[in-house]
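Single-structure report; data block below.
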Amino acid sequence: MEGQDRKEANRERVRRLVIEPLVSRGFRFAKGVSDEDQRKALDGLADLIGYMSNSGLQVLEESLRTKGEGSQRCFWPSYATVGGLAEAFESRPLDELPGLLRWFASEAGRLALADERLVAEYLFWKTKKRPPVSPQDRKMVADHAAEMRSKAERIRDRINRGVAPLFDDGEWLAWFDKTEAKVKGYLAQDQGEAA
């Protein structure tokens, strides 16, 4: 029930911050689209971008003003257009995309954990919304993982010797540890579901 309430609250925010302002600017559906189909389409659009913050939705609305389709540029843009812009402005959290997280429950996730590149692989997913499958992708992830592992070891060494971390190193290490724990939780959760 809580998930449904959140979904409705997100739809309401999207209606208020994106849909209603665009309708007032003349956005509409083509003739022949039933009221029911229009409602479903706008609900789907709201669900697509409901993860965004209020400020992100406002920026998206401003951008969509010029993205209308048709000769008069007044028809609602495609989901691909809206979703792509939304992703460019404010990335959807991976934990809202359970299908993508299944990667971490696969052998690839276990290998990433064993090779200590879990955080780097997660960051790749977060940016690209796809797994690192090409040799170039895998090399980029491995290199990034090695850099982060080295940085974490240097910061931990300084802390263990009683030396204060440099600049924002303490914050970075806390972020790294938290992210790693979160992604390990995805692996454990998915492995529990598989069992």
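Here's how to read the names in the structure tokens: chain A, B, ... by the order shown, residue numbers from 1 in each chain, ligand numbers from 1 in the order shown.
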
Residues of chain A in helix (DSSP H, G or I), written as JSON, numbers by chain: {"A": [2, 3, 4, 5, 6, 7, 8, 9, 10, 11, 12, 13, 14, 15, 16, 17, 18, 19, 20, 21, 22, 23, 24, 35, 36, 37, 38, 39, 40, 41, 42, 43, 44, 45, 46, 47, 48, 49, 54, 55, 56, 57, 58, 59, 60, 61, 62, 63, 64, 79, 80, 81, 82, 83, 84, 85, 86, 87, 88, 89, 94, 95, 96, 98, 99, 100, 101, 102, 103, 104, 105, 107, 108, 109, 110, 111, 112, 113, 114, 118, 119, 120, 121, 122, 123, 124, 125, 126, 127, 128, 135, 136, 137, 138, 139, 140, 141, 142, 143, 144, 145, 146, 147, 148, 149, 150, 151, 152, 153, 154, 155, 156, 157, 158, 159, 160, 169, 170, 171, 172, 173, 174, 175, 176, 177, 178, 179, 180, 181, 182, 183, 184, 185, 186, 187, 188, 189, 190, 191, 192, 193, 194]}

Near-Ala86 of chain A list (9 Å; only C-alpha atoms; drop same-chain fewer than 2 positions) as an NGL selection string: :A and (48-49 or 52 or 56-57 or 60 or 81-84 or 88-92)

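Atom CA of Leu17 of chain A to atom CA of Leu64 of chain A spans 11.9 Å [interatomic distance, one decimal].
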
For Trp103 of chain A: contacts at 10 Å, only C-alpha atoms, fewer than 3 positions along chain excluded, given as JSON, numbers by chain: {"A": [98, 99, 100, 106, 107, 108, 109, 110, 122, 125, 130, 131, 186, 187, 190]}

Of the listed residues A:Leu123, A:Leu94, A:Val59, A:Val33, that which approaches Met140 of chain A most closely, counting only C-alpha atoms: A:Leu123

Close residues, segment 151-164 of chain A itself excluded, 12 Å, only C-alpha atoms, min 3 positions apart in chain, as JSON, numbers by chain: {"A": [116, 119, 144, 145, 146, 147, 148, 167, 168, 169, 170, 171, 172, 173, 174, 175, 176, 177, 180]}
